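Down below is the structure, laid out as structure tokens.
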Amino acid sequence: MRLDVVSIFPGYLAPLDLSLVGKARASGLLDVRVHDLRRWTHDRHHTVDDTPYGGGAGMVMKPEPWGEALDEITASGEPDTAPVLVVPTPSGEPLTQRVAAELSAEPWLLFACGRYEGIDQRVMDHARTRMRVREVSIGDYVLNGGEVAALVVTEAVVRLLPGFMGNPASLTEESHGDEGLLEYPVYTKPPSWRGLDVPEVLFSGNHARIAAWRRARALERTVERRPDLLHRSRRLTLDTLGEVA
Ligand code: 6GU
């Protein structure tokens, strides 16, 4: 997978060199290219923002540097290929495990990280005539810019690439997986720690009982913390609900 990231703070993307994402780069699974938007400015002050039409607080990112950046980066690919343009913005569609999975099936993602009050809407409207565009939000809160959100999206996507995870089984049972429930609590040695014991059922060796216990705990947590997720859980049956009691 190829990832291009355009930002006025390319240093913010330094974590892409670290940890598992860094390893995926070193192994050739990922080709990451970070670009400074100011490279596509032409005035002596490298201006990327201006005041909003219609008035209001803050500044808006000018369309021209973005247009040139997207033209040049898009032209650097194979003929007749285009990236999916991912634009982190608090007004985007919510980032979910499903969106991450869809993006992980793409060969090329181009992240456009805005600052200030956002990017002139015509940049996305024009890009849509050439490529698919996804404006994505990572949650209902406001960040100063798209860089940290781009890191979040990247981590959610890259860990789904075949060959990325050491143990692909750990992809299947986690929170926000196919089940639509939060993850059950997990324990390791020692069996007793600071007066707190690991639940007895986990020593039973009875895999059906353990599975039922885990499902009940997952459901209990979901009811408590994320009741909004419950209508999506396909295996929510009266039997399962009985386990919670
Ligand atoms: Cl994707 N970008 C920014 N700037 N703020 C956010 C966000 C994204 N998601 C939530 N808040």
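The way I read the labels, and the way they are meant: chains A, B, ... in the order of the structure tokens, residue 1 as the first residue of every chain, and ligand 1 as the first ligand shown, with later ones counted on from there.
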Practice problem: For ligand 1, list the contacting residues at 8 Å or closer, counting only C-alpha atoms and all ligand atoms, as a list in words. | Solution: Val87, Pro88, Thr89, Pro90, Ser91, Gly92, Cys113, Gly114, Arg115, Gly118, Glu135, Val136, Ser137, Ile138, Gly139, Asp140, Tyr141, Val142, Leu143, Asn144, Gly145, Gly146, Glu147, Val148, Ala149 and Ala150 of chain A
With N, CA and C atoms retained, could you export that selection as a PDB file, in the first residue's frame?
```pdb
ATOM      1  N   VAL A  87      -9.627  12.959   3.750  1.00  0.00           N
ATOM      2  CA  VAL A  87      -9.527  14.289   4.336  1.00  0.00           C
ATOM      3  C   VAL A  87     -10.045  14.229   5.772  1.00  0.00           C
ATOM      4  N   PRO A  88      -9.146  14.247   6.752  1.00  0.00           N
ATOM      5  CA  PRO A  88      -9.600  14.253   8.145  1.00  0.00           C
ATOM      6  C   PRO A  88     -10.260  15.584   8.474  1.00  0.00           C
ATOM      7  N   THR A  89     -11.469  15.512   8.968  1.00  0.00           N
ATOM      8  CA  THR A  89     -12.204  16.731   9.360  1.00  0.00           C
ATOM      9  C   THR A  89     -13.285  16.368  10.366  1.00  0.00           C
ATOM     10  N   PRO A  90     -13.495  17.233  11.371  1.00  0.00           N
ATOM     11  CA  PRO A  90     -14.546  16.926  12.349  1.00  0.00           C
ATOM     12  C   PRO A  90     -15.931  16.889  11.711  1.00  0.00           C
ATOM     13  N   SER A  91     -16.090  17.389  10.483  1.00  0.00           N
ATOM     14  CA  SER A  91     -17.398  17.308   9.815  1.00  0.00           C
ATOM     15  C   SER A  91     -17.498  16.134   8.849  1.00  0.00           C
ATOM     16  N   GLY A  92     -16.557  15.181   8.946  1.00  0.00           N
ATOM     17  CA  GLY A  92     -16.583  14.024   8.051  1.00  0.00           C
ATOM     18  C   GLY A  92     -17.481  12.903   8.540  1.00  0.00           C
ATOM     19  N   CYS A 113      -4.147  16.866   5.101  1.00  0.00           N
ATOM     20  CA  CYS A 113      -4.315  17.336   6.477  1.00  0.00           C
ATOM     21  C   CYS A 113      -4.513  18.834   6.495  1.00  0.00           C
ATOM     22  N   GLY A 114      -5.715  19.265   6.879  1.00  0.00           N
ATOM     23  CA  GLY A 114      -6.007  20.686   6.980  1.00  0.00           C
ATOM     24  C   GLY A 114      -5.662  21.217   8.356  1.00  0.00           C
ATOM     25  N   ARG A 115      -5.481  22.521   8.422  1.00  0.00           N
ATOM     26  CA  ARG A 115      -5.317  23.247   9.695  1.00  0.00           C
ATOM     27  C   ARG A 115      -6.340  24.369   9.704  1.00  0.00           C
ATOM     28  N   GLY A 118     -10.264  24.776   8.209  1.00  0.00           N
ATOM     29  CA  GLY A 118     -10.497  23.779   7.172  1.00  0.00           C
ATOM     30  C   GLY A 118      -9.977  24.210   5.816  1.00  0.00           C
ATOM     31  N   GLU A 135     -14.164  12.250   3.360  1.00  0.00           N
ATOM     32  CA  GLU A 135     -13.955  13.160   4.482  1.00  0.00           C
ATOM     33  C   GLU A 135     -14.339  12.384   5.729  1.00  0.00           C
ATOM     34  N   VAL A 136     -13.382  12.233   6.650  1.00  0.00           N
ATOM     35  CA  VAL A 136     -13.524  11.308   7.770  1.00  0.00           C
ATOM     36  C   VAL A 136     -13.255  12.023   9.087  1.00  0.00           C
ATOM     37  N   SER A 137     -14.106  11.778  10.082  1.00  0.00           N
ATOM     38  CA  SER A 137     -13.913  12.309  11.442  1.00  0.00           C
ATOM     39  C   SER A 137     -13.557  11.173  12.390  1.00  0.00           C
ATOM     40  N   ILE A 138     -12.622  11.414  13.303  1.00  0.00           N
ATOM     41  CA  ILE A 138     -12.269  10.358  14.265  1.00  0.00           C
ATOM     42  C   ILE A 138     -13.042  10.478  15.569  1.00  0.00           C
ATOM     43  N   GLY A 139     -13.969  11.408  15.685  1.00  0.00           N
ATOM     44  CA  GLY A 139     -14.768  11.470  16.905  1.00  0.00           C
ATOM     45  C   GLY A 139     -15.366  12.842  17.101  1.00  0.00           C
ATOM     46  N   ASP A 140     -16.255  12.930  18.072  1.00  0.00           N
ATOM     47  CA  ASP A 140     -16.997  14.172  18.280  1.00  0.00           C
ATOM     48  C   ASP A 140     -16.275  15.092  19.247  1.00  0.00           C
ATOM     49  N   TYR A 141     -15.177  15.609  18.775  1.00  0.00           N
ATOM     50  CA  TYR A 141     -14.375  16.586  19.505  1.00  0.00           C
ATOM     51  C   TYR A 141     -13.536  17.282  18.454  1.00  0.00           C
ATOM     52  N   VAL A 142     -12.910  18.396  18.801  1.00  0.00           N
ATOM     53  CA  VAL A 142     -12.194  19.177  17.786  1.00  0.00           C
ATOM     54  C   VAL A 142     -10.692  19.130  18.054  1.00  0.00           C
ATOM     55  N   LEU A 143      -9.941  18.809  17.028  1.00  0.00           N
ATOM     56  CA  LEU A 143      -8.485  18.855  17.067  1.00  0.00           C
ATOM     57  C   LEU A 143      -8.017  20.105  16.341  1.00  0.00           C
ATOM     58  N   ASN A 144      -6.731  20.436  16.497  1.00  0.00           N
ATOM     59  CA  ASN A 144      -6.222  21.641  15.841  1.00  0.00           C
ATOM     60  C   ASN A 144      -5.982  21.442  14.358  1.00  0.00           C
ATOM     61  N   GLY A 145      -5.839  20.173  13.935  1.00  0.00           N
ATOM     62  CA  GLY A 145      -5.577  19.910  12.531  1.00  0.00           C
ATOM     63  C   GLY A 145      -5.750  18.440  12.246  1.00  0.00           C
ATOM     64  N   GLY A 146      -5.609  18.071  10.988  1.00  0.00           N
ATOM     65  CA  GLY A 146      -5.874  16.705  10.571  1.00  0.00           C
ATOM     66  C   GLY A 146      -4.738  15.727  10.797  1.00  0.00           C
ATOM     67  N   GLU A 147      -3.568  16.199  11.254  1.00  0.00           N
ATOM     68  CA  GLU A 147      -2.398  15.317  11.296  1.00  0.00           C
ATOM     69  C   GLU A 147      -2.587  14.146  12.259  1.00  0.00           C
ATOM     70  N   VAL A 148      -2.998  14.440  13.485  1.00  0.00           N
ATOM     71  CA  VAL A 148      -3.163  13.364  14.470  1.00  0.00           C
ATOM     72  C   VAL A 148      -4.260  12.406  14.009  1.00  0.00           C
ATOM     73  N   ALA A 149      -5.314  12.955  13.416  1.00  0.00           N
ATOM     74  CA  ALA A 149      -6.383  12.098  12.888  1.00  0.00           C
ATOM     75  C   ALA A 149      -5.846  11.212  11.759  1.00  0.00           C
ATOM     76  N   ALA A 150      -4.980  11.751  10.912  1.00  0.00           N
ATOM     77  CA  ALA A 150      -4.399  10.938   9.829  1.00  0.00           C
ATOM     78  C   ALA A 150      -3.580   9.794  10.419  1.00  0.00           C
TER      79      ALA A 150
END
```
Exercise. Would you list, as number ranges by chain, the residues of segment 106-225 of chain A that end up in alpha helix (DSSP H) under DSSP run on this structure's backbone?
Key: A: 121-127, 147-158, 207-225
Do a neighbour search on segment 17-31 of chain A at 12 Å with only C-alpha atoms, toss out local chain neighbours closer than 5 positions, and write the hits as an mmCIF file with N, CA and C atoms, in the first residue's frame.
```cif
data_model
loop_
_atom_site.group_PDB
_atom_site.id
_atom_site.type_symbol
_atom_site.label_atom_id
_atom_site.label_comp_id
_atom_site.auth_asym_id
_atom_site.auth_seq_id
_atom_site.Cartn_x
_atom_site.Cartn_y
_atom_site.Cartn_z
ATOM 1 N N MET A 1 0.842 -1.199 0.000
ATOM 2 C CA MET A 1 0.000 0.000 0.000
ATOM 3 C C MET A 1 0.875 1.246 0.000
ATOM 4 N N ARG A 2 0.482 2.211 -0.853
ATOM 5 C CA ARG A 2 1.177 3.504 -0.851
ATOM 6 C C ARG A 2 0.359 4.516 -0.058
ATOM 7 N N LEU A 3 1.040 5.284 0.809
ATOM 8 C CA LEU A 3 0.396 6.346 1.603
ATOM 9 C C LEU A 3 1.130 7.649 1.352
ATOM 10 N N ASP A 4 0.425 8.653 0.866
ATOM 11 C CA ASP A 4 0.975 10.002 0.783
ATOM 12 C C ASP A 4 0.247 10.857 1.812
ATOM 13 N N VAL A 5 0.986 11.725 2.500
ATOM 14 C CA VAL A 5 0.383 12.617 3.489
ATOM 15 C C VAL A 5 0.872 14.030 3.197
ATOM 16 N N GLY A 11 6.527 17.277 10.288
ATOM 17 C CA GLY A 11 7.127 16.678 11.485
ATOM 18 C C GLY A 11 6.132 15.960 12.372
ATOM 19 N N TYR A 12 4.871 16.365 12.276
ATOM 20 C CA TYR A 12 3.806 15.712 13.044
ATOM 21 C C TYR A 12 3.639 14.250 12.658
ATOM 22 N N SER A 104 -8.400 -0.247 3.883
ATOM 23 C CA SER A 104 -7.266 -1.178 3.866
ATOM 24 C C SER A 104 -7.249 -2.021 2.589
ATOM 25 N N PRO A 107 -5.123 0.244 -2.783
ATOM 26 C CA PRO A 107 -3.672 0.221 -2.965
ATOM 27 C C PRO A 107 -2.994 1.556 -2.653
ATOM 28 N N TRP A 108 -3.782 2.647 -2.617
ATOM 29 C CA TRP A 108 -3.140 3.974 -2.512
ATOM 30 C C TRP A 108 -4.085 4.940 -1.808
ATOM 31 N N LEU A 109 -3.602 5.504 -0.684
ATOM 32 C CA LEU A 109 -4.359 6.532 0.049
ATOM 33 C C LEU A 109 -3.542 7.821 0.066
ATOM 34 N N LEU A 110 -4.243 8.921 -0.131
ATOM 35 C CA LEU A 110 -3.613 10.243 -0.071
ATOM 36 C C LEU A 110 -4.345 11.050 1.006
ATOM 37 N N LEU A 151 -2.866 10.048 11.518
ATOM 38 C CA LEU A 151 -2.121 8.971 12.192
ATOM 39 C C LEU A 151 -3.079 7.907 12.709
ATOM 40 N N VAL A 152 -4.194 8.346 13.273
ATOM 41 C CA VAL A 152 -5.194 7.403 13.802
ATOM 42 C C VAL A 152 -5.749 6.534 12.668
ATOM 43 N N THR A 154 -4.416 5.930 9.792
ATOM 44 C CA THR A 154 -3.341 5.088 9.263
ATOM 45 C C THR A 154 -3.142 3.849 10.123
ATOM 46 N N GLU A 155 -3.125 4.025 11.436
ATOM 47 C CA GLU A 155 -2.893 2.865 12.297
ATOM 48 C C GLU A 155 -4.044 1.872 12.196
ATOM 49 N N ALA A 156 -5.280 2.391 12.156
ATOM 50 C CA ALA A 156 -6.451 1.507 12.050
ATOM 51 C C ALA A 156 -6.443 0.729 10.729
ATOM 52 N N VAL A 157 -5.942 1.367 9.672
ATOM 53 C CA VAL A 157 -5.954 0.760 8.334
ATOM 54 C C VAL A 157 -4.793 -0.218 8.161
ATOM 55 N N VAL A 158 -3.599 0.220 8.543
ATOM 56 C CA VAL A 158 -2.395 -0.543 8.233
ATOM 57 C C VAL A 158 -2.363 -1.869 8.976
ATOM 58 N N ARG A 159 -2.916 -1.901 10.174
ATOM 59 C CA ARG A 159 -2.897 -3.160 10.926
ATOM 60 C C ARG A 159 -3.808 -4.214 10.315
ATOM 61 N N LEU A 160 -4.657 -3.804 9.347
ATOM 62 C CA LEU A 160 -5.515 -4.767 8.660
ATOM 63 C C LEU A 160 -4.864 -5.323 7.392
ATOM 64 N N LEU A 161 -3.719 -4.787 6.995
ATOM 65 C CA LEU A 161 -3.076 -5.281 5.772
ATOM 66 C C LEU A 161 -2.591 -6.706 5.978
ATOM 67 N N PRO A 162 -2.831 -7.589 4.996
ATOM 68 C CA PRO A 162 -2.343 -8.961 5.123
ATOM 69 C C PRO A 162 -0.835 -8.954 5.346
ATOM 70 N N GLY A 163 -0.383 -9.683 6.357
ATOM 71 C CA GLY A 163 1.050 -9.762 6.641
ATOM 72 C C GLY A 163 1.550 -8.710 7.601
ATOM 73 N N PHE A 164 0.665 -7.815 8.046
ATOM 74 C CA PHE A 164 1.107 -6.759 8.965
ATOM 75 C C PHE A 164 1.192 -7.255 10.405
ATOM 76 N N MET A 165 0.156 -7.932 10.861
ATOM 77 C CA MET A 165 0.093 -8.380 12.248
ATOM 78 C C MET A 165 0.851 -9.691 12.407
ATOM 79 N N GLY A 166 1.581 -9.811 13.523
ATOM 80 C CA GLY A 166 2.224 -11.082 13.827
ATOM 81 C C GLY A 166 1.200 -12.194 13.935
#
```
Quiz prompt | Nearest to Leu16 of chain A by atom-to-atom distance, counting only C-alpha atoms, from A:Leu229, A:Val153, A:Ala112, A:Val198 | solution =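 Nearest to Leu16 of chain A: A:Val153.
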Rows by chain and residue number, segment 104-193 of chain A within 8 Å of segment 215-227 of chain A, shortest pair, only C-alpha atoms, as a tab-separated table:
```
residue	atom	partner	partner_atom	distance
A:Leu181	CA	A:Thr222	CA	6.0
A:Leu182	CA	A:Ala218	CA	5.6
A:Glu183	CA	A:Ala218	CA	5.5
A:Tyr184	CA	A:Ala218	CA	4.4
A:Pro185	CA	A:Arg217	CA	7.3
```
Residue selection dump (N, CA and C atoms) as a PDB file, in the first residue's frame:
```pdb
ATOM      1  N   LEU A 181     -19.705  -5.973  19.507  1.00  0.00           N
ATOM      2  CA  LEU A 181     -19.681  -5.759  20.962  1.00  0.00           C
ATOM      3  C   LEU A 181     -18.295  -5.296  21.380  1.00  0.00           C
ATOM      4  N   LEU A 182     -18.212  -4.679  22.554  1.00  0.00           N
ATOM      5  CA  LEU A 182     -16.913  -4.347  23.124  1.00  0.00           C
ATOM      6  C   LEU A 182     -16.209  -5.635  23.563  1.00  0.00           C
ATOM      7  N   GLU A 183     -14.895  -5.569  23.663  1.00  0.00           N
ATOM      8  CA  GLU A 183     -14.081  -6.716  24.084  1.00  0.00           C
ATOM      9  C   GLU A 183     -14.372  -7.077  25.548  1.00  0.00           C
ATOM     10  N   TYR A 184     -14.340  -8.375  25.840  1.00  0.00           N
ATOM     11  CA  TYR A 184     -14.459  -8.843  27.230  1.00  0.00           C
ATOM     12  C   TYR A 184     -13.170  -8.534  27.994  1.00  0.00           C
ATOM     13  N   PRO A 185     -13.204  -8.505  29.362  1.00  0.00           N
ATOM     14  CA  PRO A 185     -11.977  -8.249  30.128  1.00  0.00           C
ATOM     15  C   PRO A 185     -11.001  -9.412  29.999  1.00  0.00           C
TER      16      PRO A 185
END
```
Quiz item: Which distance in Å separates atom CA of Ala75 of chain A and atom CA of Glu102 of chain A, to one decimal?
Solution: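 Atom CA of Glu102 of chain A lies at a distance of 23.4 Å from atom CA of Ala75 of chain A.
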Quiz item: How would you write, as a ChimeraX atom specification, the set of residues in segment 24-243 of chain A that DSSP gives as strand (DSSP E or B)?
Solution: /A:31-36,49-50,60-61,84-94,108-112,119,133-137,192-193,196-197
Please write the residues from the selection above to a file, keeping C-alpha atoms, as a compact mmCIF listing (two decimals), in the first residue's frame.
```txt
# COMPACT_ATOMS: atom_id res chain seq x y z
CA ASP A 31 5.43 2.99 0.97
CA VAL A 32 4.91 6.23 2.96
CA ARG A 33 5.65 9.67 1.52
CA VAL A 34 5.14 12.81 3.65
CA HIS A 35 4.94 16.16 1.84
CA ASP A 36 5.09 19.78 3.02
CA ASP A 49 -4.44 30.39 4.36
CA ASP A 50 -6.71 33.37 3.92
CA VAL A 60 -9.36 28.90 5.61
CA MET A 61 -6.76 26.98 3.63
CA VAL A 84 -8.45 7.60 -2.54
CA LEU A 85 -8.23 11.09 -1.07
CA VAL A 86 -8.78 10.94 2.70
CA VAL A 87 -9.53 14.29 4.34
CA PRO A 88 -9.60 14.25 8.15
CA THR A 89 -12.20 16.73 9.36
CA PRO A 90 -14.55 16.93 12.35
CA SER A 91 -17.40 17.31 9.81
CA GLY A 92 -16.58 14.02 8.05
CA GLU A 93 -18.26 10.61 8.19
CA PRO A 94 -17.36 8.77 11.41
CA TRP A 108 -3.14 3.97 -2.51
CA LEU A 109 -4.36 6.53 0.05
CA LEU A 110 -3.61 10.24 -0.07
CA PHE A 111 -4.22 12.15 3.18
CA ALA A 112 -4.88 15.91 3.00
CA ILE A 119 -9.70 23.55 3.47
CA VAL A 133 -12.82 11.33 -1.71
CA ARG A 134 -13.61 10.43 1.91
CA GLU A 135 -13.95 13.16 4.48
CA VAL A 136 -13.52 11.31 7.77
CA SER A 137 -13.91 12.31 11.44
CA SER A 192 -4.08 -13.48 42.49
CA TRP A 193 -2.73 -9.92 42.55
CA LEU A 196 -7.84 -9.51 43.22
CA ASP A 197 -8.44 -12.98 41.76
```
Need the shell around Glu200 of chain A: protein/DNA/RNA residues with any atom at most 12 Å away, counting only C-alpha atoms. Skip same-chain ones fewer than 6 positions apart. Format as a tab-separated table (two decimals) with C-alpha atoms, in the first residue's frame?
```tsv
chain	number	residue	atom	x	y	z
A	187	TYR	CA	-6.33	-11.53	32.55
A	191	PRO	CA	-3.79	-15.80	39.46
A	192	SER	CA	-4.08	-13.48	42.49
A	206	ASN	CA	-14.32	-25.79	29.75
A	209	ARG	CA	-18.31	-22.17	29.56
A	210	ILE	CA	-15.44	-19.76	28.96
A	213	TRP	CA	-18.73	-16.12	30.17
```
Quiz item: How many Å lie between atom CA of Val123 of chain A and atom CA of Gly67 of chain A, rounded to one decimal?
Solution: 6.5 Å
Self-check item: Given only C-alpha atoms as the counted atoms, nearest of A:Gly180, A:Ala14, A:Thr188, A:Ala211 to Asp228 of chain A
Solution: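 Comparing A:Gly180, A:Ala14, A:Thr188, A:Ala211 against Asp228 of chain A, the winner is A:Gly180.
A straight line drawn from atom CA of Asp125 of chain A to atom CA of Arg44 of chain A is 28.2 Å long.
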Quiz item: Which residues come within 9 Å of Val48 of chain A, counting only C-alpha atoms, excluding same-chain residues fewer than 4 positions away, as an MDAnalysis selection string?
Solution: chainID A and resid 8 37:38 41 60:66
Quiz item: Given the choices A:Ala100, A:Ala212, A:Leu70, A:Leu95, which gets closest to Met131 of chain A if the distance is worked out from only C-alpha atoms?
Solution: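 When distances to Met131 of chain A are compared using only C-alpha atoms, the smallest one comes from A:Leu70.
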Exercise. Check the smallest atom-to-atom distance from each of A:Gln97, A:Tyr53, A:Met59, A:Arg194 to Ser175 of chain A using only C-alpha atoms, then report the winner.
Key: A:Gln97
